[in-house]
$ cat work_22.cif   # mmCIF, C-alpha atoms
data_protein
loop_
_atom_site.label_atom_id
_atom_site.label_comp_id
_atom_site.auth_asym_id
_atom_site.auth_seq_id
_atom_site.Cartn_x
_atom_site.Cartn_y
_atom_site.Cartn_z
CA MET W 1 2.41 5.17 15.35
CA VAL W 2 2.76 4.15 11.76
CA ALA W 3 6.30 3.00 11.02
CA LYS W 4 8.66 4.68 8.59
CA ARG W 5 8.84 2.53 5.47
CA ILE W 6 11.92 1.17 3.72
CA ILE W 7 11.32 0.48 0.04
CA PRO W 8 13.78 -1.25 -2.31
CA CYS W 9 13.26 -0.30 -5.95
CA LEU W 10 13.89 -2.81 -8.75
CA ASP W 11 14.40 -1.78 -12.37
CA VAL W 12 13.02 -4.37 -14.75
CA THR W 13 13.37 -4.94 -18.46
CA GLY W 14 12.61 -8.05 -20.51
CA GLY W 15 11.42 -9.80 -17.35
CA ARG W 16 14.79 -9.42 -15.59
CA THR W 17 16.03 -7.09 -12.87
CA VAL W 18 18.86 -4.87 -13.99
CA LYS W 19 21.32 -2.77 -12.07
CA GLY W 20 22.01 0.51 -13.74
CA VAL W 21 25.48 1.94 -13.67
CA ASN W 22 24.89 5.60 -14.48
CA PHE W 23 22.27 4.58 -17.03
CA VAL W 24 24.99 3.53 -19.45
CA SER W 25 25.62 -0.13 -18.88
CA LEU W 26 23.00 -2.40 -17.39
CA ARG W 27 23.92 -5.56 -15.56
CA ASP W 28 21.56 -8.48 -15.12
CA ALA W 29 20.63 -8.98 -11.47
CA GLY W 30 18.30 -11.91 -11.78
CA ASP W 31 14.63 -12.77 -11.48
CA PRO W 32 12.62 -9.84 -10.07
CA VAL W 33 10.29 -12.14 -8.13
CA ASP W 34 13.21 -13.94 -6.46
CA LEU W 35 14.88 -10.66 -5.56
CA GLY W 36 11.58 -9.15 -4.38
CA ARG W 37 10.87 -12.17 -2.21
CA LYS W 38 14.34 -11.94 -0.68
CA TYR W 39 13.77 -8.27 0.23
CA ALA W 40 10.32 -9.07 1.64
CA LEU W 41 11.78 -11.79 3.87
CA GLU W 42 14.53 -9.42 4.98
CA GLY W 43 11.94 -6.92 6.19
CA ALA W 44 11.35 -4.52 3.30
CA ASP W 45 8.02 -2.76 3.88
CA GLU W 46 7.05 -2.36 0.25
CA LEU W 47 8.61 -2.89 -3.15
CA VAL W 48 8.66 -0.79 -6.30
CA PHE W 49 9.08 -2.42 -9.71
CA LEU W 50 9.98 0.07 -12.42
CA ASP W 51 9.50 -0.95 -16.03
CA ILE W 52 12.44 0.52 -17.92
CA SER W 53 11.64 -1.37 -21.13
CA ALA W 54 12.44 0.31 -24.39
CA THR W 55 10.53 -2.06 -26.69
CA VAL W 56 6.98 -3.39 -27.03
CA GLU W 57 8.18 -6.99 -26.56
CA GLU W 58 9.86 -6.15 -23.28
CA ARG W 59 6.72 -4.35 -22.07
CA ALA W 60 4.57 -7.42 -22.70
CA THR W 61 6.76 -9.47 -20.37
CA PHE W 62 6.34 -6.87 -17.63
CA PHE W 63 2.59 -7.38 -17.42
CA ALA W 64 2.96 -11.14 -16.93
CA LEU W 65 5.60 -10.40 -14.33
CA VAL W 66 3.19 -8.21 -12.32
CA GLU W 67 0.77 -11.14 -12.12
CA ARG W 68 3.56 -13.38 -10.86
CA ILE W 69 4.69 -10.83 -8.26
CA ALA W 70 1.10 -10.55 -6.97
CA ARG W 71 0.83 -14.32 -6.64
CA GLU W 72 4.12 -14.84 -4.88
CA ILE W 73 4.92 -11.77 -2.80
CA ASP W 74 3.00 -10.97 0.38
CA ILE W 75 3.83 -7.29 0.92
CA PRO W 76 2.48 -4.30 -1.04
CA PHE W 77 4.11 -3.36 -4.31
CA THR W 78 3.97 -0.40 -6.67
CA VAL W 79 4.58 -0.58 -10.38
CA GLY W 80 5.76 2.33 -12.46
CA GLY W 81 7.35 3.24 -15.74
CA GLY W 82 5.54 4.53 -18.79
CA ILE W 83 2.01 4.45 -17.36
CA SER W 84 0.06 7.08 -19.28
CA THR W 85 -3.57 5.92 -19.50
CA LEU W 86 -6.40 4.97 -17.18
CA GLU W 87 -6.68 1.69 -19.04
CA GLN W 88 -3.05 0.75 -18.33
CA ALA W 89 -3.58 1.56 -14.65
CA GLY W 90 -6.75 -0.55 -14.58
CA ASN W 91 -4.97 -3.49 -16.20
CA LEU W 92 -2.19 -3.32 -13.62
CA LEU W 93 -4.77 -3.27 -10.81
CA GLU W 94 -6.37 -6.37 -12.33
CA ALA W 95 -2.95 -7.99 -12.54
CA GLY W 96 -2.59 -7.46 -8.79
CA ALA W 97 -0.54 -4.27 -8.36
CA ASP W 98 -1.29 -2.39 -5.11
CA LYS W 99 -0.33 0.99 -6.53
CA VAL W 100 0.87 2.57 -9.74
CA SER W 101 3.26 5.46 -9.92
CA VAL W 102 2.86 8.06 -12.62
CA ASN W 103 5.47 10.64 -13.53
CA SER W 104 5.98 12.28 -16.95
CA ALA W 105 2.47 11.39 -18.16
CA ALA W 106 0.90 13.14 -15.17
CA VAL W 107 2.86 16.33 -15.87
CA ARG W 108 1.71 16.20 -19.49
CA ASN W 109 -1.86 15.30 -18.55
CA PRO W 110 -2.65 16.07 -14.89
CA ASP W 111 -6.23 14.73 -15.32
CA LEU W 112 -4.66 11.27 -15.32
CA ILE W 113 -4.27 11.60 -11.53
CA ASP W 114 -7.95 12.50 -11.00
CA GLY W 115 -8.97 9.66 -13.31
CA ILE W 116 -6.97 6.97 -11.53
CA ALA W 117 -7.95 8.26 -8.07
CA SER W 118 -11.66 8.43 -8.83
CA HIS W 119 -11.78 5.01 -10.51
CA PHE W 120 -9.48 3.02 -8.28
CA GLY W 121 -8.99 5.16 -5.15
CA SER W 122 -6.27 7.53 -4.00
CA GLN W 123 -4.41 4.66 -2.35
CA PHE W 124 -3.71 3.33 -5.84
CA VAL W 125 -1.90 6.36 -7.25
CA THR W 126 1.57 7.58 -6.33
CA VAL W 127 2.77 10.68 -8.14
CA ALA W 128 6.52 10.54 -8.73
CA ILE W 129 8.21 13.90 -9.20
CA ASP W 130 11.76 14.44 -10.44
CA ALA W 131 13.07 17.96 -9.93
CA ARG W 132 16.31 19.91 -9.91
CA VAL W 133 17.36 23.35 -8.77
CA VAL W 134 17.56 25.95 -11.54
CA GLU W 135 18.40 29.51 -10.50
CA GLY W 136 17.30 28.87 -6.94
CA LYS W 137 13.99 27.20 -7.86
CA TRP W 138 13.02 23.53 -7.82
CA VAL W 139 11.99 22.86 -11.42
CA VAL W 140 10.08 19.68 -12.27
CA THR W 141 11.77 17.56 -14.94
CA THR W 142 10.53 14.59 -16.96
CA HIS W 143 12.02 11.74 -18.98
CA GLY W 144 14.51 10.76 -16.31
CA GLY W 145 15.56 14.35 -15.67
CA ARG W 146 16.39 15.14 -19.29
CA LYS W 147 13.46 17.49 -19.98
CA MET W 148 12.71 20.67 -18.06
CA THR W 149 9.08 21.63 -17.55
CA GLU W 150 7.27 24.83 -16.60
CA ARG W 151 6.21 23.33 -13.29
CA GLU W 152 7.65 24.11 -9.88
CA LEU W 153 8.05 21.28 -7.33
CA PHE W 154 5.93 22.53 -4.40
CA GLU W 155 3.12 23.87 -6.55
CA TRP W 156 2.98 20.62 -8.58
CA ALA W 157 3.16 18.36 -5.50
CA HIS W 158 0.27 20.25 -3.92
CA GLU W 159 -1.78 20.12 -7.11
CA ALA W 160 -1.14 16.36 -7.37
CA GLN W 161 -2.45 15.94 -3.81
CA GLU W 162 -5.55 18.01 -4.56
CA ARG W 163 -6.17 15.92 -7.67
CA GLY W 164 -6.21 12.76 -5.57
CA ALA W 165 -2.66 11.42 -5.33
CA GLY W 166 -2.27 9.02 -2.38
CA GLU W 167 1.40 9.85 -1.90
CA ILE W 168 4.28 11.76 -3.44
CA LEU W 169 7.59 10.19 -4.41
CA PHE W 170 10.12 12.99 -4.80
CA THR W 171 13.57 12.52 -6.33
CA SER W 172 16.11 15.32 -6.53
CA MET W 173 17.93 14.91 -9.82
CA ASP W 174 20.76 16.95 -8.30
CA HIS W 175 21.24 14.29 -5.61
CA ASP W 176 20.22 11.09 -7.40
CA GLY W 177 23.18 8.77 -7.83
CA THR W 178 25.57 10.99 -5.86
CA ARG W 179 25.33 9.01 -2.59
CA ASN W 180 25.79 12.27 -0.72
CA GLY W 181 22.39 12.24 0.96
CA TYR W 182 19.04 13.86 0.35
CA PRO W 183 18.02 17.55 0.33
CA CYS W 184 16.39 17.29 3.77
CA GLU W 185 15.15 20.90 3.94
CA THR W 186 13.22 20.37 0.72
CA TYR W 187 11.59 17.22 2.06
CA ALA W 188 10.66 19.05 5.27
CA ALA W 189 9.12 21.85 3.20
CA LEU W 190 7.09 19.25 1.28
CA ALA W 191 5.92 17.71 4.57
CA ASP W 192 4.78 21.18 5.66
CA ILE W 193 2.52 21.76 2.67
CA LEU W 194 1.20 18.20 2.13
CA SER W 195 -1.14 16.04 4.19
CA ILE W 196 -0.34 12.85 2.22
CA PRO W 197 2.78 10.70 2.75
CA VAL W 198 6.08 11.64 1.09
CA ILE W 199 8.63 9.06 -0.08
CA ALA W 200 12.27 10.15 -0.35
CA SER W 201 14.28 8.77 -3.23
CA GLY W 202 17.70 9.25 -4.76
CA GLY W 203 20.92 10.10 -2.99
CA ALA W 204 21.26 7.60 -0.17
CA GLY W 205 24.81 6.51 0.48
CA SER W 206 24.67 5.66 4.16
CA VAL W 207 22.37 4.78 7.06
CA ASP W 208 22.82 8.33 8.34
CA ASP W 209 21.53 9.80 5.07
CA ILE W 210 18.35 7.76 5.39
CA ALA W 211 17.96 8.55 9.09
CA ARG W 212 18.30 12.27 8.36
CA VAL W 213 15.65 12.36 5.63
CA LEU W 214 13.23 10.42 7.85
CA VAL W 215 13.81 12.67 10.87
CA GLU W 216 14.89 16.12 9.63
CA GLY W 217 13.16 15.74 6.27
CA ARG W 218 10.11 14.18 7.97
CA ALA W 219 9.73 11.78 5.03
CA ASP W 220 7.37 8.86 5.63
CA ALA W 221 9.45 6.40 3.65
CA ALA W 222 12.81 6.02 1.97
CA LEU W 223 13.25 4.33 -1.37
CA ALA W 224 16.62 3.14 -2.61
CA ALA W 225 18.08 0.80 -5.18
CA SER W 226 21.83 0.42 -5.36
CA ILE W 227 22.60 0.30 -1.63
CA PHE W 228 20.35 -2.77 -1.42
CA HIS W 229 21.21 -4.40 -4.75
CA TYR W 230 24.93 -4.24 -4.11
CA ASN W 231 24.32 -5.39 -0.55
CA GLU W 232 26.16 -2.36 0.81
CA ILE W 233 23.46 -1.80 3.41
CA PRO W 234 21.25 -4.88 3.70
CA VAL W 235 17.65 -4.12 4.75
CA PRO W 236 17.95 -5.84 8.18
CA VAL W 237 21.13 -3.89 9.02
CA LEU W 238 19.52 -0.61 7.95
CA LYS W 239 16.41 -1.25 10.04
CA ARG W 240 18.40 -2.30 13.09
CA GLU W 241 20.49 0.85 12.89
CA LEU W 242 17.42 3.07 12.43
CA ARG W 243 15.74 1.40 15.40
CA ARG W 244 18.87 2.08 17.45
CA MET W 245 18.46 5.76 16.56
CA ASN W 246 14.92 5.58 17.96
CA ILE W 247 13.31 5.77 14.54
CA ASN W 248 10.08 3.78 14.38
CA VAL W 249 10.63 1.02 11.84
CA ARG W 250 9.03 -2.41 11.61
CA ILE W 251 11.37 -5.19 12.65
CA MET V 1 -15.54 -24.47 0.64
CA ILE V 2 -14.36 -20.94 1.35
CA ALA V 3 -16.56 -18.25 -0.19
CA VAL V 4 -15.14 -14.84 -1.03
CA VAL V 5 -18.01 -12.40 -1.49
CA LYS V 6 -18.16 -11.15 -5.06
CA TYR V 7 -19.37 -7.58 -5.28
CA ASP V 8 -18.12 -4.32 -6.73
CA ALA V 9 -15.55 -3.33 -4.12
CA GLY V 10 -12.26 -3.05 -5.88
CA ASN V 11 -9.81 -5.79 -6.58
CA VAL V 12 -10.07 -9.11 -4.75
CA ARG V 13 -7.14 -10.64 -6.58
CA SER V 14 -4.71 -10.12 -3.72
CA VAL V 15 -7.06 -11.79 -1.22
CA LEU V 16 -7.42 -14.81 -3.53
CA ASN V 17 -3.64 -14.93 -3.99
CA ALA V 18 -3.09 -14.79 -0.22
CA LEU V 19 -5.61 -17.58 0.43
CA ASP V 20 -3.76 -19.65 -2.12
CA ARG V 21 -0.41 -18.97 -0.39
CA ALA V 22 -2.01 -19.85 2.96
CA GLY V 23 -2.84 -23.26 1.53
CA ALA V 24 -6.60 -22.74 1.19
CA ARG V 25 -8.14 -24.93 -1.49
CA ASP V 26 -11.68 -24.89 -2.85
CA VAL V 27 -12.02 -21.10 -2.80
CA VAL V 28 -15.03 -19.68 -4.65
CA LEU V 29 -15.69 -16.06 -5.61
CA THR V 30 -19.47 -15.78 -5.41
CA SER V 31 -22.52 -13.68 -4.61
CA ASP V 32 -24.86 -16.71 -4.57
CA PRO V 33 -26.76 -16.70 -1.22
CA GLU V 34 -26.90 -20.50 -1.12
CA LEU V 35 -23.14 -20.83 -1.52
CA LEU V 36 -22.53 -18.11 1.06
CA ARG V 37 -24.78 -19.91 3.55
CA SER V 38 -23.23 -23.31 2.97
CA ALA V 39 -19.57 -22.24 2.86
CA SER V 40 -17.35 -23.29 5.75
CA LYS V 41 -15.97 -19.71 5.85
CA VAL V 42 -17.00 -16.42 4.25
CA ILE V 43 -14.61 -13.57 3.48
CA LEU V 44 -15.91 -10.07 2.75
CA PRO V 45 -13.02 -8.14 1.19
CA GLY V 46 -13.10 -4.55 0.11
CA VAL V 47 -10.99 -1.64 -0.94
CA GLY V 48 -12.36 1.65 -2.14
CA GLU V 49 -15.26 3.67 -0.91
CA ALA V 50 -17.89 2.56 1.64
CA SER V 51 -21.10 3.93 0.15
CA THR V 52 -20.36 2.51 -3.32
CA ALA V 53 -19.44 -0.84 -1.77
CA LEU V 54 -22.62 -0.97 0.31
CA GLU V 55 -24.74 0.00 -2.69
CA SER V 56 -23.21 -2.90 -4.58
CA LEU V 57 -23.99 -5.31 -1.70
CA ARG V 58 -27.57 -4.00 -1.67
CA LYS V 59 -28.03 -4.65 -5.37
CA GLU V 60 -27.33 -8.32 -4.72
CA GLY V 61 -29.45 -8.36 -1.56
CA LEU V 62 -26.30 -9.26 0.39
CA ASP V 63 -26.60 -6.46 2.96
CA THR V 64 -29.53 -8.31 4.56
CA LEU V 65 -28.15 -11.82 3.98
CA ILE V 66 -24.66 -11.36 5.47
CA PRO V 67 -25.78 -10.38 9.02
CA THR V 68 -27.87 -13.59 9.16
CA LEU V 69 -24.94 -15.90 8.33
CA THR V 70 -23.99 -18.38 11.04
CA ASN V 71 -20.66 -19.56 9.58
CA PRO V 72 -17.46 -17.66 10.40
CA VAL V 73 -17.34 -14.39 8.44
CA LEU V 74 -14.20 -12.24 8.04
CA GLY V 75 -14.52 -8.64 6.83
CA ILE V 76 -11.31 -7.04 5.58
CA CYS V 77 -10.77 -3.24 5.52
CA ILE V 78 -13.99 -1.80 4.01
CA GLY V 79 -15.45 -5.24 4.78
CA LEU V 80 -14.99 -4.53 8.52
CA GLN V 81 -16.41 -1.03 8.13
CA LEU V 82 -19.54 -2.29 6.35
CA LEU V 83 -20.21 -4.63 9.27
CA CYS V 84 -20.30 -1.63 11.66
CA GLN V 85 -23.28 0.55 12.60
CA ALA V 86 -22.72 3.50 10.31
CA SER V 87 -19.98 5.21 8.37
CA GLU V 88 -19.26 8.90 7.89
CA GLU V 89 -18.01 8.00 4.42
CA GLY V 90 -20.90 8.73 2.06
CA ASN V 91 -23.05 8.87 5.20
CA VAL V 92 -24.09 5.22 5.05
CA ARG V 93 -25.75 2.92 7.54
CA GLY V 94 -23.75 -0.29 7.83
CA MET V 95 -24.94 -3.85 8.36
CA GLY V 96 -24.99 -3.25 12.10
CA VAL V 97 -23.19 -6.39 13.26
CA PHE V 98 -20.42 -4.60 15.17
CA PRO V 99 -21.37 -1.94 17.76
CA ALA V 100 -18.94 0.65 16.37
CA HIS V 101 -19.18 3.76 14.25
CA VAL V 102 -16.78 4.57 11.42
CA ARG V 103 -15.23 8.02 11.26
CA ARG V 104 -12.63 9.79 9.15
CA PHE V 105 -9.12 10.32 10.52
CA VAL V 106 -8.35 13.93 11.31
CA PRO V 107 -5.01 15.01 9.78
CA GLY V 108 -2.63 16.65 12.23
CA GLU V 109 0.98 16.97 13.30
CA GLY V 110 2.58 13.76 12.00
CA ILE V 111 -0.85 12.27 11.27
CA LYS V 112 -1.17 11.66 7.55
CA VAL V 113 -4.41 10.68 5.87
CA PRO V 114 -4.70 8.08 4.41
CA HIS V 115 -3.17 6.01 7.21
CA MET V 116 -0.81 4.13 4.92
CA GLY V 117 1.87 1.70 5.97
CA TRP V 118 2.76 -0.70 8.76
CA ASN V 119 1.46 -0.06 12.25
CA SER V 120 1.64 -2.13 15.43
CA LEU V 121 -1.28 -3.69 17.28
CA SER V 122 -1.96 -4.02 20.98
CA GLN V 123 -4.55 -5.61 23.27
CA LEU V 124 -4.85 -8.62 20.98
CA GLU V 125 -7.78 -10.90 21.76
CA GLY V 126 -9.45 -13.94 20.30
CA PRO V 127 -8.67 -16.72 17.86
CA LEU V 128 -7.47 -14.48 14.98
CA PHE V 129 -4.38 -13.50 16.95
CA LYS V 130 -3.43 -16.88 18.35
CA GLY V 131 0.36 -17.12 18.28
CA ILE V 132 0.81 -13.46 17.37
CA ASP V 133 2.75 -11.17 19.71
CA GLU V 134 1.60 -7.82 21.03
CA GLY V 135 3.26 -5.08 19.01
CA THR V 136 3.28 -7.02 15.75
CA TYR V 137 3.05 -4.79 12.67
CA PHE V 138 0.37 -5.10 9.99
CA TYR V 139 -0.20 -3.19 6.74
CA PHE V 140 -2.96 -0.57 6.66
CA VAL V 141 -4.35 1.67 3.90
CA HIS V 142 -7.47 3.61 4.87
CA SER V 143 -8.88 7.06 5.58
CA TYR V 144 -11.79 5.96 7.82
CA ARG V 145 -11.59 3.88 10.98
CA ALA V 146 -13.93 2.13 13.41
CA ASP V 147 -14.22 3.36 17.00
CA ILE V 148 -13.12 1.25 19.92
CA CYS V 149 -16.10 -0.84 21.09
CA GLU V 150 -16.83 -3.66 23.54
CA ASP V 151 -15.95 -6.20 20.81
CA THR V 152 -12.63 -4.64 19.77
CA ALA V 153 -10.14 -7.49 19.33
CA ALA V 154 -7.04 -5.41 18.52
CA VAL V 155 -6.16 -1.75 19.01
CA CYS V 156 -4.08 0.48 16.73
CA ASP V 157 -3.02 4.11 17.23
CA HIS V 158 -3.00 6.77 14.52
CA GLY V 159 -3.77 10.12 16.12
CA GLY V 160 -5.80 8.16 18.69
CA ASN V 161 -6.87 4.56 19.21
CA PHE V 162 -9.17 2.76 16.81
CA SER V 163 -10.34 -0.82 16.26
CA ALA V 164 -7.77 -2.71 14.19
CA ALA V 165 -9.89 -5.83 14.64
CA ILE V 166 -13.38 -6.58 15.95
CA CYS V 167 -14.85 -9.93 16.88
CA ARG V 168 -18.48 -10.60 17.76
CA GLY V 169 -19.92 -14.11 17.71
CA ASN V 170 -19.14 -15.67 14.34
CA PHE V 171 -18.24 -12.28 12.83
CA TYR V 172 -14.63 -11.11 12.56
CA GLY V 173 -13.27 -7.95 11.02
CA VAL V 174 -9.76 -6.63 10.43
CA GLN V 175 -8.98 -3.09 9.34
CA PHE V 176 -5.49 -4.02 8.16
CA HIS V 177 -4.76 -6.10 5.06
CA PRO V 178 -3.70 -9.59 6.14
CA GLU V 179 -3.18 -10.41 2.46
CA LYS V 180 -0.40 -7.79 2.32
CA SER V 181 1.05 -8.14 5.82
CA GLY V 182 3.76 -10.72 5.20
CA ALA V 183 4.11 -13.69 7.54
CA ALA V 184 2.00 -12.10 10.31
CA GLY V 185 -0.86 -11.52 7.89
CA GLU V 186 -0.70 -15.07 6.64
CA LYS V 187 -0.88 -16.27 10.24
CA VAL V 188 -4.10 -14.27 10.80
CA LEU V 189 -5.64 -15.77 7.65
CA LYS V 190 -4.62 -19.27 8.72
CA ASN V 191 -6.06 -18.64 12.18
CA PHE V 192 -9.36 -17.61 10.60
CA LEU V 193 -9.38 -20.65 8.33
CA ALA V 194 -8.76 -22.85 11.38
CA ILE V 195 -11.77 -21.53 13.35
#

$ encode --input "work_22.cif" --output "structure tokens"
Amino acid sequence: MVAKRIIPCLDVTGGRTVKGVNFVSLRDAGDPVDLGRKYALEGADELVFLDISATVEERATFFALVERIAREIDIPFTVGGGISTLEQAGNLLEAGADKVSVNSAAVRNPDLIDGIASHFGSQFVTVAIDARVVEGKWVVTTHGGRKMTERELFEWAHEAQERGAGEILFTSMDHDGTRNGYPCETYAALADILSIPVIASGGAGSVDDIARVLVEGRADAALAASIFHYNEIPVPVLKRELRRMNINVRI
Amino acid sequence: MIAVVKYDAGNVRSVLNALDRAGARDVVLTSDPELLRSASKVILPGVGEASTALESLRKEGLDTLIPTLTNPVLGICIGLQLLCQASEEGNVRGMGVFPAHVRRFVPGEGIKVPHMGWNSLSQLEGPLFKGIDEGTYFYFVHSYRADICEDTAAVCDHGGNFSAAICRGNFYGVQFHPEKSGAAGEKVLKNFLAI
């Protein structure tokens, strides 16, 4: 059986990894390639590099960084952050990215998903969805959760799949950063309606949280940032614990 | 010289990067029949869709050349599938080197399509897997898979067994991506280069 994947996520700006503390202050956490390589050696199954650049100059450094990651890291990696055109996706493929993740731009222009999937294959496009509960409904948000949209989570996730998404990365903005765990019932409901893999993101505070979303939530992968960056739960410890709980992970 | 077959089958950058990490020097990306015949090793990479990939090989006349090669040839992912008898994807006839057919995975309870992620191999055979333990995980991304056949060199299970690797004479094929499979993948590439 295919193993459940553990995916550290690195936020990058100006060619450096940063650790966000509630999006207010950012602390430098070193060279993204060095950190990525460390996670790969520790047993991470994939990596995500998110470009959180605010300026054109910072963005230019990100592209060169993707080429370096592809040269030096020997596990699959996804790049995301601000990808809004087919051309950008194509350039990142050329630079060596294994997948791109699209979020706000896909909500604005859903044809972007079809375009990337038909040109470069479904395996190349992850659709990231941020949503929060409003009056009992999961409403899709964009721009880091700041903007509400007209879309509803399940309907949008299914449409993304039909348009050619290779996987769905769902983050609950109600749980992100809380470290209180994931909304497992919502992940299970996504697993029920989708035939493509689902990645859980946002909310992990403990090994148990991750175990629950993989088992009860039936997520195919768990993505996290701070628990790895702050070394609270190192990847090898997490995987050993999950294996002990009879969860199929690669060790 | 190691020749990586140049044709329109997605990005070959990661294969070139992995060869470089594995210490391979003198790597050429080419569709020149002379170079492919004289290379010490030939690698047929491929991501994407089988019928488009085969069409692109045909345009260069490579679909008839490759089966006649006598040097070690390694097909990766779609590369393995193109070396099989026929594929359901786009309903194409393959190059017919491996006695296996290629079929689509059927989604089911816990069986996602594409088969994406790390999966373990069993019944390892042949020089590609020298020094690699049964149960080792490799990285897969695909929606079609080759049947088990008499030349299957590694078995993987995703809603049923399929060929994770096939070896027949001087032809080798792996369904997983050695270029993305960490240390184990690098070992497979080095084993191929050492044949």

$ resolve_selection --input "work_22.cif" --expression "the PyMOL selection byres ((chain W and resi 71) around 12)" --output "ChimeraX atom specification"
/W:33,37,64-70,72-77,95-97 /V:13-22,179-180

$ atom_distance --input "work_22.cif" --atom1 "CA of Tyr230 (chain W)" --atom2 "CA of Ala29 (chain W)"
9.8 Å

$ closest_atom_pairs --input "work_22.cif" --of "chain V" --to "chain W" --cutoff "10 Å" --atoms "all atoms listed in the file" --output "JSON lines"
{"residue": "V:Ala9", "atom": "CA", "partner": "W:Phe120", "partner_atom": "CA", "distance": 9.7}
{"residue": "V:Gly10", "atom": "CA", "partner": "W:Phe120", "partner_atom": "CA", "distance": 7.1}
{"residue": "V:Asn11", "atom": "CA", "partner": "W:Glu94", "partner_atom": "CA", "distance": 6.7}
{"residue": "V:Val12", "atom": "CA", "partner": "W:Gly96", "partner_atom": "CA", "distance": 8.7}
{"residue": "V:Arg13", "atom": "CA", "partner": "W:Gly96", "partner_atom": "CA", "distance": 6.0}
{"residue": "V:Ser14", "atom": "CA", "partner": "W:Gly96", "partner_atom": "CA", "distance": 6.1}
{"residue": "V:Val15", "atom": "CA", "partner": "W:Gly96", "partner_atom": "CA", "distance": 9.8}
{"residue": "V:Leu16", "atom": "CA", "partner": "W:Arg71", "partner_atom": "CA", "distance": 8.8}
{"residue": "V:Asn17", "atom": "CA", "partner": "W:Arg71", "partner_atom": "CA", "distance": 5.2}
{"residue": "V:Ala18", "atom": "CA", "partner": "W:Asp74", "partner_atom": "CA", "distance": 7.2}
{"residue": "V:Asp20", "atom": "CA", "partner": "W:Arg71", "partner_atom": "CA", "distance": 8.4}
{"residue": "V:Arg21", "atom": "CA", "partner": "W:Glu72", "partner_atom": "CA", "distance": 7.6}
{"residue": "V:Val47", "atom": "CA", "partner": "W:Gly121", "partner_atom": "CA", "distance": 8.2}
{"residue": "V:Gly48", "atom": "CA", "partner": "W:Gly121", "partner_atom": "CA", "distance": 5.7}
{"residue": "V:Glu49", "atom": "CA", "partner": "W:Gly121", "partner_atom": "CA", "distance": 7.7}
{"residue": "V:Pro107", "atom": "CA", "partner": "W:Ser195", "partner_atom": "CA", "distance": 6.9}
{"residue": "V:Gly108", "atom": "CA", "partner": "W:Ser195", "partner_atom": "CA", "distance": 8.2}
{"residue": "V:Glu109", "atom": "CA", "partner": "W:Ser195", "partner_atom": "CA", "distance": 9.4}
{"residue": "V:Gly110", "atom": "CA", "partner": "W:Arg218", "partner_atom": "CA", "distance": 8.6}
{"residue": "V:Ile111", "atom": "CA", "partner": "W:Ser195", "partner_atom": "CA", "distance": 8.0}
{"residue": "V:Lys112", "atom": "CA", "partner": "W:Ser195", "partner_atom": "CA", "distance": 5.5}
{"residue": "V:Val113", "atom": "CA", "partner": "W:Ile196", "partner_atom": "CA", "distance": 5.9}
{"residue": "V:Pro114", "atom": "CA", "partner": "W:Ile196", "partner_atom": "CA", "distance": 6.8}
{"residue": "V:His115", "atom": "CA", "partner": "W:Val2", "partner_atom": "CA", "distance": 7.7}
{"residue": "V:Met116", "atom": "CA", "partner": "W:Val2", "partner_atom": "CA", "distance": 7.7}
{"residue": "V:Gly117", "atom": "CA", "partner": "W:Val2", "partner_atom": "CA", "distance": 6.3}
{"residue": "V:Trp118", "atom": "CA", "partner": "W:Ala3", "partner_atom": "CA", "distance": 5.6}
{"residue": "V:Asn119", "atom": "CA", "partner": "W:Val2", "partner_atom": "CA", "distance": 4.4}
{"residue": "V:Ser120", "atom": "CA", "partner": "W:Met1", "partner_atom": "CA", "distance": 7.3}
{"residue": "V:Leu121", "atom": "CA", "partner": "W:Met1", "partner_atom": "CA", "distance": 9.8}
{"residue": "V:Gly135", "atom": "CA", "partner": "W:Arg250", "partner_atom": "CA", "distance": 9.8}
{"residue": "V:Thr136", "atom": "CA", "partner": "W:Arg250", "partner_atom": "CA", "distance": 8.5}
{"residue": "V:Tyr137", "atom": "CA", "partner": "W:Arg250", "partner_atom": "CA", "distance": 6.5}
{"residue": "V:Phe138", "atom": "CA", "partner": "W:Arg250", "partner_atom": "CA", "distance": 9.2}
{"residue": "V:Tyr139", "atom": "CA", "partner": "W:Ile75", "partner_atom": "CA", "distance": 8.2}
{"residue": "V:Phe140", "atom": "CA", "partner": "W:Val2", "partner_atom": "CA", "distance": 9.0}
{"residue": "V:Val141", "atom": "CA", "partner": "W:Gln123", "partner_atom": "CA", "distance": 6.9}
{"residue": "V:His142", "atom": "CA", "partner": "W:Gln123", "partner_atom": "CA", "distance": 7.9}
{"residue": "V:Ser143", "atom": "CA", "partner": "W:Gln123", "partner_atom": "CA", "distance": 9.4}
{"residue": "V:Cys156", "atom": "CA", "partner": "W:Met1", "partner_atom": "CA", "distance": 8.1}
{"residue": "V:Asp157", "atom": "CA", "partner": "W:Met1", "partner_atom": "CA", "distance": 5.8}
{"residue": "V:His158", "atom": "CA", "partner": "W:Met1", "partner_atom": "CA", "distance": 5.7}
{"residue": "V:Gly159", "atom": "CA", "partner": "W:Met1", "partner_atom": "CA", "distance": 8.0}
{"residue": "V:Gly160", "atom": "CA", "partner": "W:Met1", "partner_atom": "CA", "distance": 9.4}
{"residue": "V:His177", "atom": "CA", "partner": "W:Ile75", "partner_atom": "CA", "distance": 9.6}
{"residue": "V:Pro178", "atom": "CA", "partner": "W:Asp74", "partner_atom": "CA", "distance": 8.9}
{"residue": "V:Glu179", "atom": "CA", "partner": "W:Asp74", "partner_atom": "CA", "distance": 6.5}
{"residue": "V:Lys180", "atom": "CA", "partner": "W:Ile75", "partner_atom": "CA", "distance": 4.5}
{"residue": "V:Ser181", "atom": "CA", "partner": "W:Ile75", "partner_atom": "CA", "distance": 5.7}
{"residue": "V:Gly182", "atom": "CA", "partner": "W:Asp74", "partner_atom": "CA", "distance": 4.9}
{"residue": "V:Ala183", "atom": "CA", "partner": "W:Asp74", "partner_atom": "CA", "distance": 7.7}
{"residue": "V:Gly185", "atom": "CA", "partner": "W:Asp74", "partner_atom": "CA", "distance": 8.5}
{"residue": "V:Glu186", "atom": "CA", "partner": "W:Asp74", "partner_atom": "CA", "distance": 8.3}
